[in-house]
Every structure is written in C-alpha cells, then in structure tokens.
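**Student:** My structure file data_28.pdb, PDB, C-alpha atoms, is below:
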```pdb
MODEL        1
ATOM      1  CA  MET A   1       7.217   2.301   3.371
ATOM      2  CA  LEU A   2       6.274  -0.716   1.248
ATOM      3  CA  GLY A   3       9.677  -0.949  -0.408
ATOM      4  CA  GLN A   4      11.375  -1.085   2.985
ATOM      5  CA  ALA A   5       8.910  -3.683   4.300
ATOM      6  CA  ALA A   6       9.396  -5.820   1.187
ATOM      7  CA  SER A   7      13.172  -5.637   1.548
ATOM      8  CA  LEU A   8      12.884  -6.860   5.141
ATOM      9  CA  ALA A   9      10.548  -9.700   4.154
ATOM     10  CA  PHE A  10      12.852 -10.901   1.382
ATOM     11  CA  GLY A  11      15.914 -10.417   3.565
ATOM     12  CA  LYS A  12      14.596 -12.825   6.193
ATOM     13  CA  LEU A  13      14.859 -15.560   3.557
ATOM     14  CA  ARG A  14      18.310 -14.369   2.497
ATOM     15  CA  VAL A  15      16.981 -13.217  -0.849
ATOM     16  CA  GLU A  16      19.103 -10.356  -2.180
ATOM     17  CA  VAL A  17      17.230  -7.122  -2.939
ATOM     18  CA  ILE A  18      18.642  -4.505  -5.324
ATOM     19  CA  GLY A  19      17.325  -0.959  -4.913
ATOM     20  CA  THR A  20      16.578   0.879  -8.147
ATOM     21  CA  GLY A  21      17.779   4.266  -6.919
ATOM     22  CA  LEU A  22      15.224   5.975  -9.177
ATOM     23  CA  GLU A  23      13.844   9.423  -8.420
ATOM     24  CA  LEU A  24      10.110   8.770  -8.647
ATOM     25  CA  ALA A  25       9.218  12.353  -9.542
ATOM     26  CA  ALA A  26      10.534  11.922 -13.112
ATOM     27  CA  PRO A  27      13.606   9.743 -13.692
ATOM     28  CA  SER A  28      15.410  10.597 -16.907
ATOM     29  CA  ALA A  29      15.766   8.216 -19.829
ATOM     30  CA  HIS A  30      19.460   8.064 -18.936
ATOM     31  CA  ALA A  31      18.596   6.936 -15.375
ATOM     32  CA  LEU A  32      16.319   4.199 -16.716
ATOM     33  CA  ASP A  33      19.025   3.047 -19.131
ATOM     34  CA  ASP A  34      21.544   2.940 -16.282
ATOM     35  CA  LEU A  35      19.123   0.929 -14.165
ATOM     36  CA  GLU A  36      18.541  -1.580 -16.947
ATOM     37  CA  ALA A  37      22.282  -2.019 -17.461
ATOM     38  CA  ARG A  38      22.824  -2.535 -13.723
ATOM     39  CA  LEU A  39      20.009  -5.090 -13.482
ATOM     40  CA  LYS A  40      21.236  -6.884 -16.583
ATOM     41  CA  ALA A  41      24.591  -7.374 -14.888
ATOM     42  CA  ALA A  42      22.980  -8.733 -11.706
ATOM     43  CA  GLN A  43      23.201 -12.465 -11.121
ATOM     44  CA  ARG A  44      20.110 -14.634 -10.638
ATOM     45  CA  LEU A  45      17.695 -11.731 -11.018
ATOM     46  CA  THR A  46      14.120 -13.040 -11.123
ATOM     47  CA  HIS A  47      11.793 -10.079 -10.419
ATOM     48  CA  LEU A  48      11.439  -6.342 -10.815
ATOM     49  CA  ILE A  49       8.981  -5.068  -8.176
ATOM     50  CA  TYR A  50       7.566  -1.539  -8.272
ATOM     51  CA  CYS A  51       6.397  -0.115  -4.928
ATOM     52  CA  GLY A  52       6.510   3.566  -5.855
ATOM     53  CA  ALA A  53       2.858   4.358  -6.595
ATOM     54  CA  ASP A  54       1.227   7.104  -4.530
ATOM     55  CA  PHE A  55      -1.419   5.971  -2.014
ATOM     56  CA  ASP A  56      -2.603   9.454  -0.970
ATOM     57  CA  PRO A  57      -5.649  10.541  -3.043
ATOM     58  CA  ASP A  58      -5.647  14.071  -1.622
ATOM     59  CA  ARG A  59      -2.038  14.723  -2.604
ATOM     60  CA  CYS A  60      -2.767  13.321  -6.057
ATOM     61  CA  GLU A  61      -5.662  15.780  -6.538
ATOM     62  CA  ARG A  62      -3.415  18.687  -5.550
ATOM     63  CA  GLU A  63      -0.414  17.567  -7.629
ATOM     64  CA  PRO A  64      -1.795  15.485 -10.523
ATOM     65  CA  ASP A  65       1.485  15.377 -12.470
ATOM     66  CA  ASN A  66       3.177  13.234  -9.811
ATOM     67  CA  PRO A  67       0.655  10.369  -9.728
ATOM     68  CA  ARG A  68       0.442  10.410 -13.489
ATOM     69  CA  TYR A  69       4.145   9.712 -13.789
ATOM     70  CA  GLN A  70       4.345   7.347 -10.807
ATOM     71  CA  SER A  71       1.239   5.313 -11.666
ATOM     72  CA  ALA A  72       0.558   5.775 -15.393
ATOM     73  CA  VAL A  73       3.925   6.417 -17.089
ATOM     74  CA  LEU A  74       6.671   4.687 -15.092
ATOM     75  CA  PRO A  75       5.090   1.232 -14.493
ATOM     76  CA  PRO A  76       4.705   0.424 -18.239
ATOM     77  CA  LEU A  77       8.314   1.474 -18.826
ATOM     78  CA  LEU A  78       9.473  -0.844 -16.055
ATOM     79  CA  ALA A  79       7.216  -3.649 -17.303
ATOM     80  CA  ALA A  80       8.820  -3.392 -20.746
ATOM     81  CA  MET A  81      12.251  -3.358 -19.105
ATOM     82  CA  ALA A  82      11.389  -6.525 -17.174
ATOM     83  CA  LEU A  83      10.353  -8.207 -20.416
ATOM     84  CA  ARG A  84      13.712  -7.370 -22.002
ATOM     85  CA  LEU A  85      15.506  -8.647 -18.893
ATOM     86  CA  LYS A  86      13.372 -11.820 -18.932
ATOM     87  CA  VAL A  87      12.202 -11.346 -15.328
ATOM     88  CA  ARG A  88       8.733 -11.017 -13.792
ATOM     89  CA  PHE A  89       7.349  -7.553 -13.151
ATOM     90  CA  ILE A  90       5.104  -6.825 -10.142
ATOM     91  CA  SER A  91       3.394  -3.474  -9.617
ATOM     92  CA  VAL A  92       1.496  -2.504  -6.457
ATOM     93  CA  GLY A  93      -1.485  -0.148  -6.446
ATOM     94  CA  THR A  94      -4.640   0.832  -4.614
ATOM     95  CA  HIS A  95      -8.341  -0.004  -4.615
ATOM     96  CA  TYR A  96      -9.135   3.440  -6.044
ATOM     97  CA  VAL A  97      -9.685   2.050  -9.559
ATOM     98  CA  PHE A  98     -13.253   1.160  -8.477
ATOM     99  CA  SER A  99     -16.318   3.364  -8.113
ATOM    100  CA  GLY A 100     -17.172   1.969  -4.672
ATOM    101  CA  ASN A 101     -20.845   1.384  -5.473
ATOM    102  CA  LEU A 102     -20.685  -2.400  -5.006
ATOM    103  CA  VAL A 103     -21.724  -2.888  -1.382
ATOM    104  CA  SER A 104     -23.133  -6.431  -1.407
ATOM    105  CA  ARG A 105     -19.747  -8.152  -1.813
ATOM    106  CA  GLY A 106     -16.062  -7.478  -2.398
ATOM    107  CA  TYR A 107     -14.675  -6.317  -5.707
ATOM    108  CA  ALA A 108     -13.182  -9.188  -7.703
ATOM    109  CA  GLU A 109     -10.293  -8.548 -10.059
ATOM    110  CA  SER A 110     -12.602  -8.979 -13.053
ATOM    111  CA  ARG A 111     -15.052  -6.231 -12.023
ATOM    112  CA  SER A 112     -15.293  -3.153 -14.219
ATOM    113  CA  CYS A 113     -13.195  -0.196 -13.088
ATOM    114  CA  ARG A 114     -14.710   3.288 -12.771
ATOM    115  CA  PRO A 115     -12.327   5.465 -10.730
ATOM    116  CA  VAL A 116     -13.684   8.614  -9.116
ATOM    117  CA  ASN A 117     -10.412  10.465  -8.437
ATOM    118  CA  VAL A 118      -7.083  11.340 -10.058
ATOM    119  CA  LEU A 119      -5.181   8.598  -8.253
ATOM    120  CA  GLY A 120      -7.540   5.896  -9.507
ATOM    121  CA  ARG A 121      -7.602   7.186 -13.082
ATOM    122  CA  CYS A 122      -3.800   7.332 -13.287
ATOM    123  CA  GLN A 123      -3.451   3.895 -11.762
ATOM    124  CA  LEU A 124      -5.976   2.326 -14.139
ATOM    125  CA  GLU A 125      -4.203   3.871 -17.132
ATOM    126  CA  GLY A 126      -0.904   2.449 -15.879
ATOM    127  CA  GLU A 127      -2.329  -1.018 -15.213
ATOM    128  CA  ARG A 128      -3.721  -1.318 -18.714
ATOM    129  CA  ALA A 129      -0.531  -0.035 -20.321
ATOM    130  CA  LEU A 130       1.843  -2.263 -18.350
ATOM    131  CA  LEU A 131      -0.216  -5.413 -18.998
ATOM    132  CA  ALA A 132      -0.300  -4.534 -22.690
ATOM    133  CA  ALA A 133       3.481  -4.046 -22.697
ATOM    134  CA  ASN A 134       4.161  -7.197 -20.687
ATOM    135  CA  PRO A 135       1.181  -9.572 -20.234
ATOM    136  CA  SER A 136       3.094 -11.779 -17.778
ATOM    137  CA  SER A 137       3.234  -8.866 -15.305
ATOM    138  CA  LEU A 138       1.493  -9.070 -11.935
ATOM    139  CA  VAL A 139      -0.607  -6.183 -10.615
ATOM    140  CA  LEU A 140      -1.322  -6.307  -6.885
ATOM    141  CA  ARG A 141      -4.072  -4.019  -5.549
ATOM    142  CA  THR A 142      -4.592  -3.424  -1.860
ATOM    143  CA  GLY A 143      -6.539  -1.309   0.641
ATOM    144  CA  TRP A 144      -5.602   1.404   3.154
ATOM    145  CA  LEU A 145      -1.941   0.813   3.969
ATOM    146  CA  TYR A 146      -0.533   1.557   7.397
ATOM    147  CA  GLY A 147       2.975   1.189   8.771
ATOM    148  CA  ASP A 148       5.872   3.355   9.887
ATOM    149  CA  GLU A 149       5.743   6.082   7.225
ATOM    150  CA  GLU A 150       5.616   9.641   8.561
ATOM    151  CA  PHE A 151       3.533  10.971   5.666
ATOM    152  CA  GLY A 152       0.252   9.986   4.057
ATOM    153  CA  PRO A 153      -3.321   9.338   5.256
ATOM    154  CA  PHE A 154      -2.399   7.036   8.166
ATOM    155  CA  ALA A 155       0.314   9.328   9.487
ATOM    156  CA  ASN A 156      -2.057  12.301   9.153
ATOM    157  CA  LEU A 157      -4.632  10.403  11.228
ATOM    158  CA  LEU A 158      -2.086   9.697  13.961
ATOM    159  CA  LEU A 159      -0.916  13.313  13.910
ATOM    160  CA  GLY A 160      -4.519  14.379  14.416
ATOM    161  CA  LEU A 161      -4.905  12.001  17.365
ATOM    162  CA  ILE A 162      -1.716  13.276  19.002
ATOM    163  CA  ARG A 163      -2.673  16.912  18.475
ATOM    164  CA  ALA A 164      -6.208  16.389  19.814
ATOM    165  CA  SER A 165      -4.887  14.540  22.859
ATOM    166  CA  LEU A 166      -2.369  17.275  23.638
ATOM    167  CA  THR A 167      -4.891  20.094  23.254
ATOM    168  CA  GLY A 168      -7.933  18.315  24.699
ATOM    169  CA  THR A 169     -10.006  18.963  21.580
ATOM    170  CA  ASP A 170     -12.159  16.707  19.409
ATOM    171  CA  LEU A 171     -10.776  15.236  16.198
ATOM    172  CA  ALA A 172     -12.833  15.943  13.065
ATOM    173  CA  ILE A 173     -13.119  12.862  10.834
ATOM    174  CA  VAL A 174     -14.603  12.713   7.336
ATOM    175  CA  ASN A 175     -16.597   9.501   7.204
ATOM    176  CA  ASP A 176     -17.066   9.054   3.450
ATOM    177  CA  GLU A 177     -15.323   5.742   2.769
ATOM    178  CA  VAL A 178     -15.390   2.060   3.726
ATOM    179  CA  ALA A 179     -12.377  -0.103   2.918
ATOM    180  CA  SER A 180      -9.902  -2.576   4.409
ATOM    181  CA  PRO A 181      -6.956  -1.454   6.565
ATOM    182  CA  THR A 182      -3.891  -3.506   5.658
ATOM    183  CA  TRP A 183      -0.594  -3.721   7.508
ATOM    184  CA  VAL A 184       2.273  -3.036   5.109
ATOM    185  CA  ARG A 185       4.140  -6.007   6.595
ATOM    186  CA  ASN A 186       1.391  -8.356   5.402
ATOM    187  CA  LEU A 187       1.346  -6.839   1.930
ATOM    188  CA  ALA A 188       5.116  -7.355   1.779
ATOM    189  CA  ASP A 189       4.564 -11.025   2.658
ATOM    190  CA  ALA A 190       2.030 -11.250  -0.175
ATOM    191  CA  LEU A 191       4.669  -9.855  -2.541
ATOM    192  CA  LEU A 192       7.087 -12.438  -1.215
ATOM    193  CA  GLY A 193       4.560 -15.174  -1.885
ATOM    194  CA  MET A 194       4.011 -13.969  -5.442
ATOM    195  CA  ALA A 195       7.735 -13.930  -6.083
ATOM    196  CA  LEU A 196       8.471 -17.258  -4.393
ATOM    197  CA  ARG A 197       5.425 -19.385  -4.868
ATOM    198  CA  GLU A 198       5.357 -22.446  -2.587
ATOM    199  CA  LYS A 199       2.674 -24.789  -1.339
ATOM    200  CA  GLY A 200       1.988 -24.249   2.337
ATOM    201  CA  SER A 201       2.655 -21.348   4.655
ATOM    202  CA  LEU A 202       5.139 -18.585   3.893
ATOM    203  CA  SER A 203       6.940 -19.575   7.077
ATOM    204  CA  LEU A 204       7.833 -22.903   5.445
ATOM    205  CA  PHE A 205       9.876 -21.338   2.658
ATOM    206  CA  PRO A 206      13.335 -22.942   2.862
ATOM    207  CA  GLY A 207      15.167 -19.737   1.962
ATOM    208  CA  GLU A 208      17.482 -19.136  -0.951
ATOM    209  CA  ASN A 209      16.898 -22.619  -2.433
ATOM    210  CA  THR A 210      13.161 -22.001  -2.911
ATOM    211  CA  PRO A 211      12.258 -22.808  -6.534
ATOM    212  CA  PHE A 212      10.792 -20.066  -8.718
ATOM    213  CA  LEU A 213       7.286 -21.259  -9.594
ATOM    214  CA  PRO A 214       5.511 -18.305 -11.239
ATOM    215  CA  ILE A 215       1.801 -17.689 -10.919
ATOM    216  CA  SER A 216      -0.279 -16.546 -13.877
ATOM    217  CA  GLY A 217       0.147 -12.955 -14.992
ATOM    218  CA  GLY A 218      -2.659 -10.462 -14.414
ATOM    219  CA  ILE A 219      -4.368  -8.625 -11.563
ATOM    220  CA  TYR A 220      -4.567  -9.816  -7.960
ATOM    221  CA  HIS A 221      -6.043  -8.371  -4.761
ATOM    222  CA  TYR A 222      -4.651  -8.579  -1.244
ATOM    223  CA  ILE A 223      -6.086  -7.017   1.921
ATOM    224  CA  ASP A 224      -6.260  -7.966   5.582
ATOM    225  CA  ASP A 225      -9.644  -9.541   6.291
ATOM    226  CA  GLY A 226     -12.667  -7.348   6.973
ATOM    227  CA  LYS A 227     -13.745  -3.794   6.243
ATOM    228  CA  ILE A 228     -14.493  -0.657   8.247
ATOM    229  CA  SER A 229     -15.396   2.979   7.725
ATOM    230  CA  TRP A 230     -12.645   5.569   7.990
ATOM    231  CA  ALA A 231     -14.303   6.867  11.149
ATOM    232  CA  GLY A 232     -14.359   3.355  12.612
ATOM    233  CA  PHE A 233     -10.694   2.905  11.753
ATOM    234  CA  ALA A 234      -9.910   6.240  13.408
ATOM    235  CA  ALA A 235     -11.809   5.197  16.540
ATOM    236  CA  GLU A 236      -9.873   1.928  16.780
ATOM    237  CA  ASN A 237      -6.580   3.782  16.439
ATOM    238  CA  ALA A 238      -7.666   6.217  19.159
ATOM    239  CA  ARG A 239      -8.480   3.277  21.449
ATOM    240  CA  LEU A 240      -5.199   1.488  20.817
ATOM    241  CA  ALA A 241      -3.082   4.632  21.068
ATOM    242  CA  LEU A 242      -4.553   5.256  24.529
ATOM    243  CA  LYS A 243      -4.238   1.593  25.549
ATOM    244  CA  TYR A 244      -0.525   1.542  24.682
ATOM    245  CA  ARG A 245       0.035   4.986  26.224
ATOM    246  CA  LEU A 246       1.007   6.617  22.978
ATOM    247  CA  ILE A 247      -1.402   9.506  23.642
ATOM    248  CA  GLU A 248      -2.036  11.129  27.003
ATOM    249  CA  ARG A 249      -5.822  11.289  27.137
ATOM    250  CA  PRO A 250      -8.869   9.911  25.275
ATOM    251  CA  VAL A 251      -9.783  11.585  22.004
ATOM    252  CA  ALA A 252     -13.398  12.121  20.960
ATOM    253  CA  LEU A 253     -14.162  11.928  17.251
ATOM    254  CA  CYS A 254     -16.486  14.355  15.494
ATOM    255  CA  HIS A 255     -17.864  13.221  12.113
ATOM    256  CA  VAL A 256     -17.907  15.967   9.502
ATOM    257  CA  PRO A 257     -19.032  15.967   5.830
ATOM    258  CA  ALA A 258     -16.416  15.866   3.075
ATOM    259  CA  GLU A 259     -17.513  19.337   1.932
ATOM    260  CA  THR A 260     -15.945  20.816   5.075
ATOM    261  CA  SER A 261     -12.473  19.548   4.061
ATOM    262  CA  PRO A 262     -11.145  21.705   1.196
ATOM    263  CA  GLY A 263      -8.901  19.795  -1.182
ATOM    264  CA  ARG A 264     -10.189  16.385  -0.183
ATOM    265  CA  ALA A 265     -10.312  14.049  -3.177
ATOM    266  CA  PRO A 266     -13.546  12.174  -3.978
ATOM    267  CA  ARG A 267     -13.603   8.726  -2.402
ATOM    268  CA  PRO A 268     -15.375   5.550  -3.551
ATOM    269  CA  PRO A 269     -17.969   4.949  -0.798
ATOM    270  CA  CYS A 270     -17.232   1.224  -0.331
ATOM    271  CA  CYS A 271     -14.111  -0.424  -1.743
ATOM    272  CA  HIS A 272     -13.755  -3.845  -0.154
ATOM    273  CA  LEU A 273     -11.589  -6.143  -2.306
ATOM    274  CA  ALA A 274     -12.250  -9.852  -2.832
ATOM    275  CA  CYS A 275      -9.037 -11.872  -2.456
ATOM    276  CA  SER A 276     -10.060 -15.414  -3.428
ATOM    277  CA  LYS A 277      -7.789 -15.359  -6.494
ATOM    278  CA  ILE A 278      -4.561 -14.739  -4.584
ATOM    279  CA  HIS A 279      -5.527 -17.174  -1.838
ATOM    280  CA  ALA A 280      -6.143 -19.840  -4.486
ATOM    281  CA  SER A 281      -2.648 -19.219  -5.859
ATOM    282  CA  LEU A 282      -0.810 -18.747  -2.557
ATOM    283  CA  SER A 283      -1.463 -20.504   0.718
ATOM    284  CA  PHE A 284      -0.705 -18.285   3.683
ATOM    285  CA  PRO A 285      -2.686 -17.266   6.775
ATOM    286  CA  SER A 286      -4.870 -14.183   6.828
ATOM    287  CA  HIS A 287      -6.638 -12.710   9.842
ATOM    288  CA  GLY A 288      -8.872  -9.773  10.671
ATOM    289  CA  TRP A 289      -7.493  -6.269  10.295
ATOM    290  CA  GLN A 290      -8.236  -5.555  13.991
ATOM    291  CA  ASP A 291      -5.821  -8.281  15.131
ATOM    292  CA  TYR A 292      -3.114  -7.022  12.826
ATOM    293  CA  LEU A 293      -3.608  -3.398  13.871
ATOM    294  CA  GLU A 294      -3.192  -4.364  17.526
ATOM    295  CA  SER A 295      -0.075  -6.348  16.629
ATOM    296  CA  PHE A 296       1.287  -3.235  14.927
ATOM    297  CA  TYR A 297       0.664  -1.180  18.074
ATOM    298  CA  GLU A 298       2.564  -3.768  20.105
ATOM    299  CA  THR A 299       5.716  -3.257  18.037
ATOM    300  CA  CYS A 300       8.520  -0.850  18.779
ATOM    301  CA  THR A 301       8.068   0.385  15.186
ATOM    302  CA  CYS A 302       4.738   1.921  16.167
ATOM    303  CA  SER A 303       6.069   3.626  19.292
ATOM    304  CA  HIS A 304       8.979   5.023  17.282
ATOM    305  CA  LEU A 305       6.532   6.360  14.707
ATOM    306  CA  PHE A 306       4.514   8.125  17.419
ATOM    307  CA  ASN A 307       7.724   9.621  18.818
ATOM    308  CA  ARG A 308       8.704  10.988  15.406
ATOM    309  CA  LEU A 309       5.223  12.400  14.865
ATOM    310  CA  HIS A 310       5.381  14.048  18.311
ATOM    311  CA  ASP A 311       8.578  15.723  17.138
ATOM    312  CA  HIS A 312       6.690  17.168  14.151
ATOM    313  CA  LEU A 313       4.220  18.809  16.536
ATOM    314  CA  ARG A 314       6.619  20.049  19.186
ATOM    315  CA  PRO A 315       7.234  23.516  17.689
ATOM    316  CA  GLN A 316       3.458  24.030  17.511
ATOM    317  CA  THR A 317       2.786  22.935  21.105
ATOM    318  CA  ALA A 318       5.828  24.399  22.877
TER     319      ALA A 318
ENDMDL
END
```
Show the structure stored in the file as structure tokens.

**Tutor:**
Amino acid sequence: MLGQAASLAFGKLRVEVIGTGLELAAPSAHALDDLEARLKAAQRLTHLIYCGADFDPDRCEREPDNPRYQSAVLPPLLAAMALRLKVRFISVGTHYVFSGNLVSRGYAESRSCRPVNVLGRCQLEGERALLAANPSSLVLRTGWLYGDEEFGPFANLLLGLIRASLTGTDLAIVNDEVASPTWVRNLADALLGMALREKGSLSLFPGENTPFLPISGGIYHYIDDGKISWAGFAAENARLALKYRLIERPVALCHVPAETSPGRAPRPPCCHLACSKIHASLSFPSHGWQDYLESFYETCTCSHLFNRLHDHLRPQTA
C-alpha cells in the first residue's frame, strides 16, 4: 500500500522509482546481492526507501518470525547497502515502539521507547541496528495507516462494517487504543519531502530538476493532525460509508473489552506522535485526520476498495 502510494507521489514529479523485487518473507543473500548490483548500475540513484514493515500488530503476534525479519533484520541490511551505494536510506515504521502511557502530549522522537507487543519490539530492534549501521539513515514513524489495501486493520474494519450492514447486526469494536489515523497518500508525500527537501509547499517542487538537499539523519514522526480512539475512528468510518452509499444501512457499534478478542495483540493505550521535528525540516500543509478521511471516501479508490471487500464477503452472504 505505502510502496504504491510513494511510487505515485514520486511519479507525479517525474522522479523514476525502481522496485526492489524482494520477497519480504526472507529474501536470500543472493537476492540482496542481485539487488545491490542492479541499484549500483542505476543512474542518478539518490535514495533507498523501505516500505515493507508490517503494520498489523495482531498478525505479528500470531506469526512473530515475519515481523522480526521485516522490521528487525532486513532494514539494517538495506541501510548498510545504502551506505555502500552512497545513497540515503529511509525506513518507515509504526508508533508501536512506545508504551502509550504518555497522555498529556504527543510522543517526541527523543522519548524513551517501551514497546508492549511483538511488532514494536521488532521495529525498535531494527531502528537501533539500522542507525548504528548507517547513521545518516532516516526513520519515519507514523500512526494508523489507511488506504486501498485489502488486508490489515483498516480493511478488517471496513469488512466488519460491510458485514454488519448486510446482516443488520451490531459491530463489536475493541476500544483499547488512541492514536492518529493517517492517509497513506499523505505519508507518501512526507517521504517525498524527505527525499526532495525544498522550502515551501510540496506542490511547488519543480520536478526532476529539484536539488537534493538532505535533512539530518535520525528519527522523524509524521501523522495527520489529531487523535481518536479506535472506536471513534470506527464510528466515523461507519458514518462516511453510509453517507457515500458504500454500505446499505447504518451500523451500530458495540464496545467490547480486549479480552473477548482471542489473539489480539496488546496495544499502547495512547500513542499520539509529536511532529514538530519534521515540520521544522519540511514545509508542507497538514490538516485534521477527519478532513483527510472524508477526502479518501470521496475518491474512486475508496469505492473500488469497498467493491473488492464486498467480493470477499459474497460467498458468505449468498
């Protein structure tokens, strides 16, 4: 999802994007060597951007080997590769490195990390290792991502809304987390800004002649403005799905404790990220998550996603 959005964002400025072609489950040493040789032969290569980390904490609890490789093992290898290629490395991850006990303000990049689940622990291990291997690397953390992917927490929420609307039942929602919903398109624009730093708005970038002005290596945060509970986010999606006629009838939400959801990973209770560091380095507009979520629902991408998710449910509702 993020890789595709980033490719589109860079493509609008006629910046060539080279796909790695790596199998994220466990690429072989031979595959990594082949990738390095291919990138070394590329002309005017400036960045290696990794968008392959898992954002689903429940899947990571069930299958801990996958997030370990994707978030702890592979990013340092790619960071070291970027150093040999003399390009900047950017790795994208989640807010799950934090405990979620800081409720008075957003988490700054300098705050201590105390992850409460497998995803967060693997990510933190990977962050530390990649910055040790290549201190000029950039780590970009974000909140709940939503977009056109058919799998993951957001897609599961939409599937639940569709199913509840079709059957006329309530939708059970675990309300154990507060964070910041973030449109994947906006995160892709933040990646674009990190790669092509320019004073002023992203929309003012002159395209392929934009100079490469790197920002300082280290950790950065980007989220759409504001925060909300998972139940509140679910309620807003239910409202918008009905407004744009993507579900047939209103859906009532029923809050349930996490203990009633077997296999659910522990969540940090409040993980709102502070983004002053990235906004000081990059100047681009940022608005409330509600506005962006409505904009997403207005796109044909959203309606296509709902159609594909309906197809997933058709055998069960026929």

**Student:** Convert the output of the PyMOL selection byres ((chain A and resi 43-47) around 6) on the shown file into explicit residues, formatted as a ChimeraX atom specification.

**Tutor:** /A:42,48,87-89

**Student:** Could you tell me which of A:His312, A:Leu32, A:Asp189, A:Ala280 comes closest to Gly11 in chain A if we count all atoms listed in the file?

**Tutor:**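 Looking at the shortest contact to Gly11 in chain A, the residue is A:Asp189.
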
**Student:** State, in Å with one decimal place, the distance from CA of Glu125 in chain A to CA of Gly52 in chain A.

**Tutor:** 15.6 Å

**Student:** Residues of range 119-206 of chain A within 9 Å of range 74-86 of chain A: nearest atom pair and distance (Å, one decimal) for each, counting only C-alpha atoms, sorted by chain and number, as JSON lines?

**Tutor:**
```
{"residue": "A:Gly126", "atom": "CA", "partner": "A:Pro75", "partner_atom": "CA", "distance": 6.3}
{"residue": "A:Glu127", "atom": "CA", "partner": "A:Pro75", "partner_atom": "CA", "distance": 7.8}
{"residue": "A:Arg128", "atom": "CA", "partner": "A:Pro76", "partner_atom": "CA", "distance": 8.6}
{"residue": "A:Ala129", "atom": "CA", "partner": "A:Pro76", "partner_atom": "CA", "distance": 5.7}
{"residue": "A:Leu130", "atom": "CA", "partner": "A:Pro76", "partner_atom": "CA", "distance": 3.9}
{"residue": "A:Leu131", "atom": "CA", "partner": "A:Pro76", "partner_atom": "CA", "distance": 7.7}
{"residue": "A:Ala132", "atom": "CA", "partner": "A:Pro76", "partner_atom": "CA", "distance": 8.3}
{"residue": "A:Ala133", "atom": "CA", "partner": "A:Ala80", "partner_atom": "CA", "distance": 5.7}
{"residue": "A:Asn134", "atom": "CA", "partner": "A:Ala79", "partner_atom": "CA", "distance": 5.8}
{"residue": "A:Pro135", "atom": "CA", "partner": "A:Ala79", "partner_atom": "CA", "distance": 8.9}
{"residue": "A:Ser136", "atom": "CA", "partner": "A:Leu83", "partner_atom": "CA", "distance": 8.5}
{"residue": "A:Ser137", "atom": "CA", "partner": "A:Ala79", "partner_atom": "CA", "distance": 6.9}
```

**Student:** List, as a compact mmCIF listing (two decimals) with C-alpha atoms, in the frame of the given file, every residue that the PyMOL selection byres ((chain A and resi 188) around 7) selects in the file provided.

**Tutor:**
```
# COMPACT_ATOMS: atom_id res chain seq x y z
CA LEU A 2 6.27 -0.72 1.25
CA ALA A 5 8.91 -3.68 4.30
CA ALA A 6 9.40 -5.82 1.19
CA ALA A 9 10.55 -9.70 4.15
CA VAL A 184 2.27 -3.04 5.11
CA ARG A 185 4.14 -6.01 6.60
CA ASN A 186 1.39 -8.36 5.40
CA LEU A 187 1.35 -6.84 1.93
CA ASP A 189 4.56 -11.02 2.66
CA ALA A 190 2.03 -11.25 -0.18
CA LEU A 191 4.67 -9.86 -2.54
CA LEU A 192 7.09 -12.44 -1.22
```

**Student:** Residues at most 10 Å from range 53-69 of chain A, counting all atoms listed in the file, excluding those fewer than 2 positions away in the same chain, as a ChimeraX atom specification?

**Tutor:** /A:2,24-27,50-51,71-75,91-96,117-123,125-126,142-145,151-154,262-267

**Student:** I'd like the interatomic distance between CA of Lys227 in chain A and CA of Leu8 in chain A, to a tenth of an Å.

**Tutor:**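 Interatomic distance here is 26.8 Å.
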
**Student:** Taking all atoms of range 103-115 of chain A that the file lists, what box with edges along x, y and z, padded by 6 Å per side, do you get, with centre and edge lengths in Å to one decimal, as JSON?

**Tutor:**
```
{"center_x": -16.7, "center_y": -1.9, "center_z": -7.8, "size_x": 24.8, "size_y": 26.7, "size_z": 24.8}
```

**Student:** Evaluate the PyMOL selection byres ((chain A and resi 167-169) around 8) here and jot the selected residues down as JSON, numbers by chain.

**Tutor:** {"A": [163, 164, 165, 166, 170, 171, 249, 251, 252]}

**Student:** For His279 in chain A, which residue out of A:Met194, A:Val256, A:Ala235, A:Leu246 is the nearest one, using all atoms listed in the file?

**Tutor:** A:Met194

**Student:** Select, from A:Asp225, A:Glu149, A:Glu36, A:Asp291, the residue with the minimum atom-to-atom distance to Cys275 in chain A, counting only C-alpha atoms.

**Tutor:**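 The closest residue to Cys275 in chain A is A:Asp225.
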
**Student:** What is the CA of Gly232 in chain A-CA of Thr299 in chain A distance in Å, reported with one decimal?

**Tutor:**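 Atom-to-atom, CA of Gly232 in chain A and CA of Thr299 in chain A are spaced 21.8 Å apart.
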
**Student:** Would you pick out the contacts of Pro268 in chain A at 6 Å or less, using only C-alpha atoms, so that residues sharing its chain but fewer than 2 positions from it are not included, and give the list as number ranges by chain?

**Tutor:** A: 99-100, 270

**Student:** Between A:Arg141, A:Ser28, A:Ile247, A:Ala155, single out the one closest to Met1 in chain A, counting only C-alpha atoms.

**Tutor:**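 Of A:Arg141, A:Ser28, A:Ile247, A:Ala155, the one nearest Met1 in chain A, counting only C-alpha atoms, is A:Ala155.
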
**Student:** With only C-alpha atoms as the basis for distance, which of A:Val97, A:Ala37, A:Ile173, A:Leu161 is at the shortest distance from Glu109 in chain A?

**Tutor:**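 Of the candidates, the smallest distance to Glu109 in chain A is held by A:Val97.
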
**Student:** Looking at A:Gly3, A:Gly19, A:Gly217, A:Gly160, which one is nearest to Ser281 in chain A, with distances taken over all atoms listed in the file?

**Tutor:**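 Of A:Gly3, A:Gly19, A:Gly217, A:Gly160, the one nearest Ser281 in chain A, counting all atoms listed in the file, is A:Gly217.
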
**Student:** Could I see range 267-274 of chain A restored to N, CA and C atoms, set down as a CSV table (one decimal), in the coordinates of the input?

**Tutor:**
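Wrote rebuild.csv, looks like this:
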```
chain,number,residue,atom,x,y,z
A,267,ARG,N,-13.9,10.1,-2.8
A,267,ARG,CA,-13.6,8.7,-2.4
A,267,ARG,C,-14.7,7.8,-2.9
A,268,PRO,N,-14.3,6.6,-3.3
A,268,PRO,CA,-15.4,5.6,-3.6
A,268,PRO,C,-16.0,5.2,-2.2
A,269,PRO,N,-17.3,5.1,-2.1
A,269,PRO,CA,-18.0,4.9,-0.8
A,269,PRO,C,-17.7,3.6,-0.1
A,270,CYS,N,-17.5,2.5,-0.9
A,270,CYS,CA,-17.2,1.2,-0.3
A,270,CYS,C,-16.3,0.4,-1.3
A,271,CYS,N,-15.1,0.2,-0.9
A,271,CYS,CA,-14.1,-0.4,-1.7
A,271,CYS,C,-13.5,-1.6,-1.0
A,272,HIS,N,-14.3,-2.6,-0.8
A,272,HIS,CA,-13.8,-3.8,-0.2
A,272,HIS,C,-13.3,-4.8,-1.3
A,273,LEU,N,-12.1,-5.3,-1.2
A,273,LEU,CA,-11.6,-6.1,-2.3
A,273,LEU,C,-11.8,-7.6,-2.0
A,274,ALA,N,-12.2,-8.4,-3.0
A,274,ALA,CA,-12.2,-9.9,-2.8
A,274,ALA,C,-10.9,-10.4,-3.2
```
